[in-house]
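> Below you'll find the structure I mean.
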Amino acid sequence: SMNLDSDISQYQMLPMKVKEILQYISTFRPSVKHEIEENRAPWKTMGPPKIEVPSPKSFLQKHSKEPKLPHSMFLRLLTIPSVPHLTDHPLMGIQSKKNFINTNAADVIMGVAKKPQRVCVDTRQGNKYLLETSGLVPKYINKKDYGLTPKYVIKRNEEVKRAQEEYDAYVKETLRQKAMKRLSDEERESLLQGLKKNWEEVHHEFQGLSVDIDTLPKKIRKERLESQMKQLEHDINIIEKHKIIYIANK
């Protein structure tokens, strides 16, 4: 067994030069120290920053946080007379030379009598409302321009008419250049009546079909009649929807 007194660490047995060599020093140590010194601030350290402690003399006082009146308002409040004391006596002996009786009588005689406002009652409970603002007074029919077309409406109608005339002239010139013809009202009505007559004839023929469509010719005939009726209905709707129709001369 080894003696404890003679037990020595191996590290202590090494010479001093070897100890210095074994100690590790980082090459970034100077740059780290420089960054720490540059970025140091009170809020980046441990604990609160060192600030000046408030003085005990500046303690919070009563009504110190309430809003204060401006100086002008304060002076106005100071000029308000105080309440008279119990022992104070009013001023006596003040008289006026004005004759209030005659003045009031003259005002009544010379004044214009106030006319009562006209009211209207239309319920059995007697609810009243002013007649002037009710719309029942015929004051608008007595105007000079009552019943006449306003000027802005006349101006707008003239602008619309002028725009329509310009558009019609443009369409006529375009159609003249493209050599197209416009159907007259008589031709349009005649064409519409002819289509309706054709539809009635096809519909009459369609109603004459047998109920049982058991052969191929019957089925083909039924489909043909349905197609004709559908096409005629489409043409009739187009002509009825458009009052002005143009056709090419070619």
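Following the order of the structure tokens, first chain is A, next is B, and so on, with residues numbered from 1 inside each chain and ligands from 1 in the order they appear.
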Per DSSP on the backbone, what are the strand (DSSP E) residues of region 6-234 of chain A, as a count of residues only?
9
> CA of Val202 (chain A) to CA of Lys219 (chain A): how many Å, to one decimal?
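Atom-to-atom, CA of Val202 (chain A) and CA of Lys219 (chain A) are spaced 15.7 Å apart.
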> CA of Asp122 (chain A) and CA of Val137 (chain A) are how many Å apart?
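That distance, rounded to one decimal, is 14.8 Å.
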